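Next comes run15.cif, a file with mmCIF, C-alpha atoms.
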data_entry
loop_
_atom_site.label_atom_id
_atom_site.label_comp_id
_atom_site.auth_asym_id
_atom_site.auth_seq_id
_atom_site.Cartn_x
_atom_site.Cartn_y
_atom_site.Cartn_z
CA MET A 1 0.00 0.00 0.00
CA LYS A 2 1.28 3.46 -0.92
CA VAL A 3 -0.08 6.76 0.43
CA THR A 4 0.66 10.14 -1.11
CA PHE A 5 -0.29 13.32 0.71
CA LEU A 6 -1.86 15.44 -2.01
CA GLY A 7 -2.47 18.30 0.41
CA THR A 8 -1.89 18.87 4.12
CA GLY A 9 -3.27 22.37 4.67
CA THR A 10 -6.38 23.76 6.25
CA SER A 11 -9.33 25.37 4.46
CA GLN A 12 -7.37 28.49 3.43
CA GLY A 13 -4.23 26.62 2.48
CA VAL A 14 -0.73 27.83 3.34
CA PRO A 15 0.39 30.51 2.61
CA VAL A 16 -2.83 32.35 3.41
CA ILE A 17 -3.83 35.17 1.08
CA GLY A 18 -2.57 38.50 2.41
CA CYS A 19 -0.68 37.03 5.38
CA SER A 20 2.94 37.93 6.12
CA CYS A 21 3.55 35.64 9.11
CA GLU A 22 6.71 33.55 9.40
CA VAL A 23 5.00 30.43 8.04
CA CYS A 24 3.41 32.16 5.06
CA ARG A 25 6.76 33.79 4.19
CA SER A 26 8.70 30.53 4.62
CA LEU A 27 10.77 29.31 1.68
CA ASP A 28 10.69 25.73 2.98
CA PHE A 29 8.66 23.66 0.49
CA ARG A 30 7.18 21.75 3.45
CA ASP A 31 5.41 24.93 4.55
CA LYS A 32 3.50 25.22 1.25
CA ARG A 33 0.23 23.39 1.92
CA LEU A 34 -2.67 22.76 -0.46
CA ARG A 35 -6.07 21.69 0.87
CA THR A 36 -6.12 18.31 2.59
CA SER A 37 -6.39 15.14 0.53
CA ILE A 38 -4.61 11.80 0.12
CA HIS A 39 -4.08 9.33 -2.72
CA LEU A 40 -4.12 5.65 -1.77
CA GLU A 41 -2.73 2.94 -4.04
CA VAL A 42 -3.55 -0.55 -2.85
CA ASP A 43 -3.66 -3.83 -4.80
CA GLU A 44 -3.67 -1.93 -8.13
CA LEU A 45 -6.57 0.24 -7.00
CA SER A 46 -6.26 4.03 -7.04
CA ILE A 47 -8.45 5.86 -4.49
CA ILE A 48 -8.53 9.53 -3.53
CA PHE A 49 -9.99 10.83 -0.30
CA ASP A 50 -11.59 14.27 -0.84
CA SER A 51 -11.36 16.55 -3.86
CA GLY A 52 -10.80 20.05 -2.59
CA PRO A 53 -10.25 23.28 -4.55
CA ASP A 54 -6.68 22.20 -5.40
CA PHE A 55 -7.67 18.80 -6.81
CA ARG A 56 -6.58 19.51 -10.41
CA GLN A 57 -3.22 20.91 -9.32
CA GLN A 58 -2.60 17.94 -7.03
CA ILE A 59 -3.45 15.39 -9.72
CA LEU A 60 -1.13 17.05 -12.22
CA ARG A 61 1.71 17.39 -9.71
CA GLU A 62 1.61 13.69 -8.85
CA ASN A 63 0.91 12.59 -12.44
CA ILE A 64 -2.10 10.49 -11.40
CA THR A 65 -3.58 8.96 -14.56
CA GLN A 66 -5.89 6.37 -13.00
CA LEU A 67 -8.62 6.92 -10.44
CA ASP A 68 -10.93 4.07 -9.45
CA ALA A 69 -12.92 5.79 -6.69
CA LEU A 70 -13.38 9.09 -4.89
CA VAL A 71 -14.26 8.89 -1.18
CA PHE A 72 -15.53 11.88 0.79
CA THR A 73 -14.93 12.44 4.49
CA HIS A 74 -17.50 15.25 4.77
CA GLU A 75 -19.21 18.01 2.84
CA HIS A 76 -17.14 21.13 3.56
CA LYS A 77 -15.96 23.04 0.48
CA ASP A 78 -12.26 22.53 1.16
CA HIS A 79 -12.93 18.81 0.72
CA THR A 80 -15.44 18.81 -2.16
CA ALA A 81 -14.95 21.89 -4.37
CA GLY A 82 -12.80 20.15 -6.99
CA MET A 83 -15.16 17.30 -7.84
CA ASP A 84 -15.86 18.73 -11.30
CA ASP A 85 -12.35 17.76 -12.40
CA ILE A 86 -13.05 14.05 -12.17
CA ARG A 87 -14.47 14.42 -15.69
CA SER A 88 -10.94 14.06 -17.04
CA PHE A 89 -10.94 10.53 -15.62
CA ASN A 90 -14.39 9.93 -17.12
CA PHE A 91 -12.92 10.72 -20.54
CA LEU A 92 -9.75 8.66 -19.94
CA GLN A 93 -11.44 5.61 -18.42
CA LYS A 94 -14.74 5.83 -20.33
CA LYS A 95 -16.89 5.10 -17.29
CA ASP A 96 -18.72 6.77 -14.42
CA MET A 97 -16.64 7.65 -11.38
CA PRO A 98 -17.67 5.73 -8.24
CA VAL A 99 -18.17 8.30 -5.47
CA TYR A 100 -18.53 7.09 -1.89
CA ALA A 101 -20.15 9.37 0.70
CA ARG A 102 -22.66 9.36 3.53
CA LYS A 103 -26.21 10.59 2.93
CA ASN A 104 -25.79 14.19 4.10
CA VAL A 105 -22.65 14.56 1.95
CA VAL A 106 -24.47 13.20 -1.11
CA GLU A 107 -27.27 15.72 -0.53
CA GLN A 108 -24.74 18.53 -0.32
CA LEU A 109 -23.00 17.38 -3.52
CA LYS A 110 -26.34 17.40 -5.32
CA ARG A 111 -26.88 21.03 -4.27
CA GLU A 112 -23.34 22.21 -5.04
CA PHE A 113 -23.06 20.32 -8.34
CA ALA A 114 -26.70 20.32 -9.42
CA TYR A 115 -25.73 20.23 -13.11
CA ILE A 116 -24.03 16.84 -12.62
CA PHE A 117 -27.24 15.32 -11.30
CA SER A 118 -29.66 17.08 -13.66
CA GLU A 119 -31.94 14.95 -15.82
CA THR A 120 -30.83 17.03 -18.80
CA LYS A 121 -27.11 16.38 -19.18
CA TYR A 122 -24.89 19.07 -20.66
CA PRO A 123 -22.16 17.52 -22.88
CA GLY A 124 -18.83 16.99 -21.14
CA ILE A 125 -19.96 17.29 -17.52
CA PRO A 126 -18.68 14.82 -14.90
CA SER A 127 -20.40 11.46 -14.68
CA VAL A 128 -20.65 9.86 -11.25
CA ASP A 129 -21.88 6.62 -9.72
CA ILE A 130 -22.98 7.53 -6.20
CA GLN A 131 -22.43 4.85 -3.57
CA GLU A 132 -24.05 5.92 -0.30
CA ILE A 133 -22.24 4.67 2.80
CA ASP A 134 -22.96 4.66 6.52
CA ASN A 135 -20.92 3.82 9.59
CA SER A 136 -20.42 0.22 8.48
CA PRO A 137 -17.54 -1.41 6.62
CA PHE A 138 -17.82 -1.43 2.83
CA PHE A 139 -15.74 -2.61 -0.11
CA ILE A 140 -14.24 -0.92 -3.13
CA GLU A 141 -13.74 -3.96 -5.30
CA LYS A 142 -11.83 -6.30 -2.93
CA ILE A 143 -10.55 -3.58 -0.59
CA LYS A 144 -12.33 -3.21 2.75
CA LEU A 145 -12.80 0.28 4.20
CA THR A 146 -13.99 0.77 7.76
CA PRO A 147 -15.53 4.19 8.49
CA ILE A 148 -14.56 5.87 11.76
CA GLU A 149 -17.00 8.55 12.87
CA VAL A 150 -15.41 11.61 14.45
CA VAL A 151 -16.92 14.95 15.41
CA HIS A 152 -15.87 18.24 13.76
CA PHE A 153 -17.45 20.82 16.12
CA LYS A 154 -20.99 19.37 15.79
CA LEU A 155 -20.63 17.82 12.34
CA PRO A 156 -20.09 14.06 11.98
CA VAL A 157 -17.12 13.30 9.74
CA PHE A 158 -15.80 9.96 8.51
CA GLY A 159 -12.23 8.84 8.87
CA PHE A 160 -11.32 5.51 7.31
CA ARG A 161 -9.24 2.47 8.12
CA ILE A 162 -7.82 0.36 5.29
CA LYS A 163 -5.83 -2.65 6.50
CA ASP A 164 -3.19 -1.24 8.89
CA PHE A 165 -3.63 2.38 7.79
CA THR A 166 -6.04 4.89 9.38
CA TYR A 167 -6.79 8.33 7.95
CA ILE A 168 -8.70 10.95 9.96
CA THR A 169 -9.14 14.61 9.12
CA ASP A 170 -11.26 17.41 10.59
CA ALA A 171 -11.70 15.80 14.00
CA LYS A 172 -12.12 17.47 17.36
CA THR A 173 -13.37 14.49 19.35
CA ILE A 174 -13.55 10.72 18.85
CA SER A 175 -15.68 8.44 21.01
CA ASP A 176 -14.14 5.46 22.78
CA LYS A 177 -16.21 3.15 20.59
CA GLU A 178 -14.79 4.64 17.41
CA LYS A 179 -11.24 4.65 18.82
CA GLU A 180 -11.45 0.88 19.07
CA LYS A 181 -11.57 0.77 15.25
CA ILE A 182 -8.25 2.63 15.08
CA LYS A 183 -6.29 0.58 17.58
CA GLY A 184 -3.76 -1.76 16.03
CA SER A 185 -3.11 0.53 13.07
CA LYS A 186 0.53 0.66 12.03
CA ILE A 187 0.13 4.10 10.45
CA LEU A 188 -2.20 6.81 11.78
CA VAL A 189 -2.87 10.12 10.03
CA ILE A 190 -4.72 12.67 12.15
CA ASN A 191 -5.45 16.38 11.90
CA ALA A 192 -3.59 18.88 14.06
CA LEU A 193 -4.67 22.42 13.20
CA GLN A 194 -2.67 24.71 15.47
CA ILE A 195 -1.18 25.12 18.92
CA ASP A 196 -3.91 27.32 20.44
CA PRO A 197 -7.38 25.91 21.33
CA HIS A 198 -9.88 25.56 18.49
CA PRO A 199 -13.57 24.54 18.61
CA SER A 200 -13.60 22.12 15.67
CA HIS A 201 -10.09 20.75 15.22
CA MET A 202 -7.54 19.02 17.41
CA THR A 203 -4.68 21.17 18.59
CA LEU A 204 -1.09 19.99 18.53
CA ASP A 205 -1.27 18.78 22.15
CA GLU A 206 -4.61 17.03 21.59
CA ALA A 207 -3.30 15.26 18.51
CA ILE A 208 -0.15 14.16 20.36
CA THR A 209 -2.30 12.81 23.21
CA LEU A 210 -4.42 10.78 20.78
CA ALA A 211 -1.34 9.52 18.97
CA LYS A 212 0.13 8.26 22.22
CA GLU A 213 -3.17 6.60 23.16
CA ILE A 214 -3.45 4.77 19.82
CA ASN A 215 0.28 4.01 19.87
CA ALA A 216 0.65 3.35 16.16
CA GLU A 217 4.12 2.59 14.86
CA LYS A 218 4.06 5.96 13.10
CA THR A 219 1.69 8.93 13.27
CA TYR A 220 1.51 11.78 10.78
CA PHE A 221 -0.23 15.11 11.40
CA THR A 222 -2.16 16.79 8.57
CA HIS A 223 -4.66 19.65 8.02
CA LEU A 224 -2.24 22.19 9.49
CA SER A 225 -2.85 25.94 9.49
CA HIS A 226 -0.29 28.70 9.30
CA LYS A 227 -0.88 29.24 13.02
CA MET A 228 0.82 25.94 13.82
CA GLY A 229 4.33 27.23 13.12
CA THR A 230 6.95 26.19 10.59
CA HIS A 231 7.51 22.55 9.77
CA LYS A 232 11.06 22.75 11.11
CA LYS A 233 10.16 24.32 14.47
CA VAL A 234 7.14 22.11 15.20
CA SER A 235 8.97 18.93 14.16
CA ALA A 236 11.53 19.62 16.90
CA LEU A 237 8.73 19.42 19.51
CA LEU A 238 7.39 16.01 18.48
CA PRO A 239 8.04 12.55 19.91
CA GLU A 240 10.22 10.26 17.80
CA ASN A 241 7.39 8.30 16.20
CA ILE A 242 5.30 11.35 15.24
CA GLU A 243 5.91 13.51 12.18
CA ILE A 244 4.25 16.39 10.40
CA ALA A 245 3.15 15.40 6.91
CA TYR A 246 3.82 17.69 3.97
CA ASP A 247 2.50 17.95 0.43
CA GLY A 248 3.98 15.27 -1.79
CA LEU A 249 5.11 13.04 1.08
CA LYS A 250 4.86 9.35 0.13
CA ILE A 251 4.75 6.48 2.59
CA GLU A 252 4.55 2.73 2.03
CA ILE A 253 2.81 0.35 4.39
#
In structure tokens, what does this structure look like?
Amino acid sequence: MKVTFLGTGTSQGVPVIGCSCEVCRSLDFRDKRLRTSIHLEVDELSIIFDSGPDFRQQILRENITQLDALVFTHEHKDHTAGMDDIRSFNFLQKKDMPVYARKNVVEQLKREFAYIFSETKYPGIPSVDIQEIDNSPFFIEKIKLTPIEVVHFKLPVFGFRIKDFTYITDAKTISDKEKEKIKGSKILVINALQIDPHPSHMTLDEAITLAKEINAEKTYFTHLSHKMGTHKKVSALLPENIEIAYDGLKIEI
């Protein structure tokens, strides 16, 4: 299994428009963060989790020419806004794109991309095959995905476990029941927005606490804002088995 971090930034990305803070002025490529998304390659399947506003740029940067499924964690714009660009894969692969999402996300997609779901199809628009999911394991071909429900302020969001890999973004709290699904993962990816308290995302300390509780072999933090600090400075604060992810990072499991 291979995971590529397509984006590791928060909803505004990093640098933030108009900001002159140390992070936004940084010349370190690891401090340049597109909106959060990952590409998973497993058993010849190519799956992307979330298609934010930077989807096209991410696909071109990583030279992704095959996409077998798009899976959504939740309905916020920084995770869905780029769905229109799956049409390139429709043209390449000559088939509808399987899209996996829970009911409220599907409803939001139908509002945001009404033209895709219209009875009268405009030529060249994306073509999707909606697969509605709930908090139960499901399969993409032979690959099992286990949803993990987390809470993002008051919004339920899905993380996912695939074999020994768990991916969670936009979480503030996770129930003990859902944590049981994570335990035993070799690789954990979890959001860590910033150092100061935040109502809808884990802070650095909260993410470290969860990482220690799960005790995966390796934990990566994603969905970072410019308020977190530079990659170099924050990395120096982390335990040995915890790292900050960055755009383009590739890991094999």
Query - Close residues, A:Glu252 itself excluded, 12 Å, all atoms listed in the file, min 4 positions apart in chain, as number ranges by chain - result: A: 1-5, 39-42, 164-165, 186-187, 218
Deliver the residues from the most recent selection as a file, using C-alpha atoms, as a PDB file, keeping the file's coordinate frame.
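Result file is selection.pdb:
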ATOM      1  CA  MET A   1       0.000   0.000   0.000  1.00  0.00           C
ATOM      2  CA  LYS A   2       1.280   3.460  -0.920  1.00  0.00           C
ATOM      3  CA  VAL A   3      -0.080   6.760   0.430  1.00  0.00           C
ATOM      4  CA  THR A   4       0.660  10.140  -1.110  1.00  0.00           C
ATOM      5  CA  PHE A   5      -0.290  13.320   0.710  1.00  0.00           C
ATOM      6  CA  HIS A  39      -4.080   9.330  -2.720  1.00  0.00           C
ATOM      7  CA  LEU A  40      -4.120   5.650  -1.770  1.00  0.00           C
ATOM      8  CA  GLU A  41      -2.730   2.940  -4.040  1.00  0.00           C
ATOM      9  CA  VAL A  42      -3.550  -0.550  -2.850  1.00  0.00           C
ATOM     10  CA  ASP A 164      -3.190  -1.240   8.890  1.00  0.00           C
ATOM     11  CA  PHE A 165      -3.630   2.380   7.790  1.00  0.00           C
ATOM     12  CA  LYS A 186       0.530   0.660  12.030  1.00  0.00           C
ATOM     13  CA  ILE A 187       0.130   4.100  10.450  1.00  0.00           C
ATOM     14  CA  LYS A 218       4.060   5.960  13.100  1.00  0.00           C
TER      15      LYS A 218
END
Query - Length of the atom CA of A:Leu237 to atom CA of A:His198 vector [Å] - result: 19.6 Å
Requested in this report: Given the file shown, enumerate the residues that the PyMOL selection byres ((chain A and resi 68) around 8) captures and present them as a PyMOL selection string.
Outcome: chain A and resi 45-47+66-67+69-70+97-98
Query - Nearest to A:Ile86, chosen from A:Lys110, A:Lys154, A:Lys212, A:Arg56, with all atoms listed in the file counted in the distances - result: A:Arg56
Report task. Can you turn the PyMOL selection byres ((chain A and resi 238) around 12) into a concrete residue list for this file, as a ChimeraX atom specification? Result -> /A:204-205,207-209,211-212,218-221,231-237,239-244
Spatial sel., origin (-23.7, 16.1, -7.9), limit 9 Å, only C-alpha atoms, listed as a short mmCIF file (atom, residue, chain, number, x, y, z; two decimals) with C-alpha atoms, in the frame of the given file:
data_model
loop_
_atom_site.label_atom_id
_atom_site.label_comp_id
_atom_site.auth_asym_id
_atom_site.auth_seq_id
_atom_site.Cartn_x
_atom_site.Cartn_y
_atom_site.Cartn_z
CA MET A 83 -15.16 17.30 -7.84
CA ASP A 84 -15.86 18.73 -11.30
CA VAL A 106 -24.47 13.20 -1.11
CA GLU A 107 -27.27 15.72 -0.53
CA GLN A 108 -24.74 18.53 -0.32
CA LEU A 109 -23.00 17.38 -3.52
CA LYS A 110 -26.34 17.40 -5.32
CA ARG A 111 -26.88 21.03 -4.27
CA GLU A 112 -23.34 22.21 -5.04
CA PHE A 113 -23.06 20.32 -8.34
CA ALA A 114 -26.70 20.32 -9.42
CA TYR A 115 -25.73 20.23 -13.11
CA ILE A 116 -24.03 16.84 -12.62
CA PHE A 117 -27.24 15.32 -11.30
CA SER A 118 -29.66 17.08 -13.66
CA PRO A 126 -18.68 14.82 -14.90
CA SER A 127 -20.40 11.46 -14.68
CA VAL A 128 -20.65 9.86 -11.25
CA ILE A 130 -22.98 7.53 -6.20
#
Query raised in the report: With distances taken over all atoms listed in the file, which of A:Val105, A:Ile59, A:Leu224, A:Ile253 is nearest to A:Val16?
Result: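 Smallest distance to A:Val16 is found for A:Leu224.
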Requested in this report: Report as a ChimeraX atom specification the full result of the PyMOL selection byres ((chain A and resi 131) around 9) when it is applied to this structure.
Outcome: /A:98-102,106,129-130,132-133
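Counting all atoms listed in the file and comparing A:Ile148, A:Ile214, A:Ile168, A:Leu193, the residue that lies closest to A:Phe49 is A:Ile168.
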Query raised in the report: In Å, with one decimal, what is the gap from atom CA of A:Thr222 to atom CA of A:Cys24?
Result: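 Those two atoms sit 16.7 Å apart.
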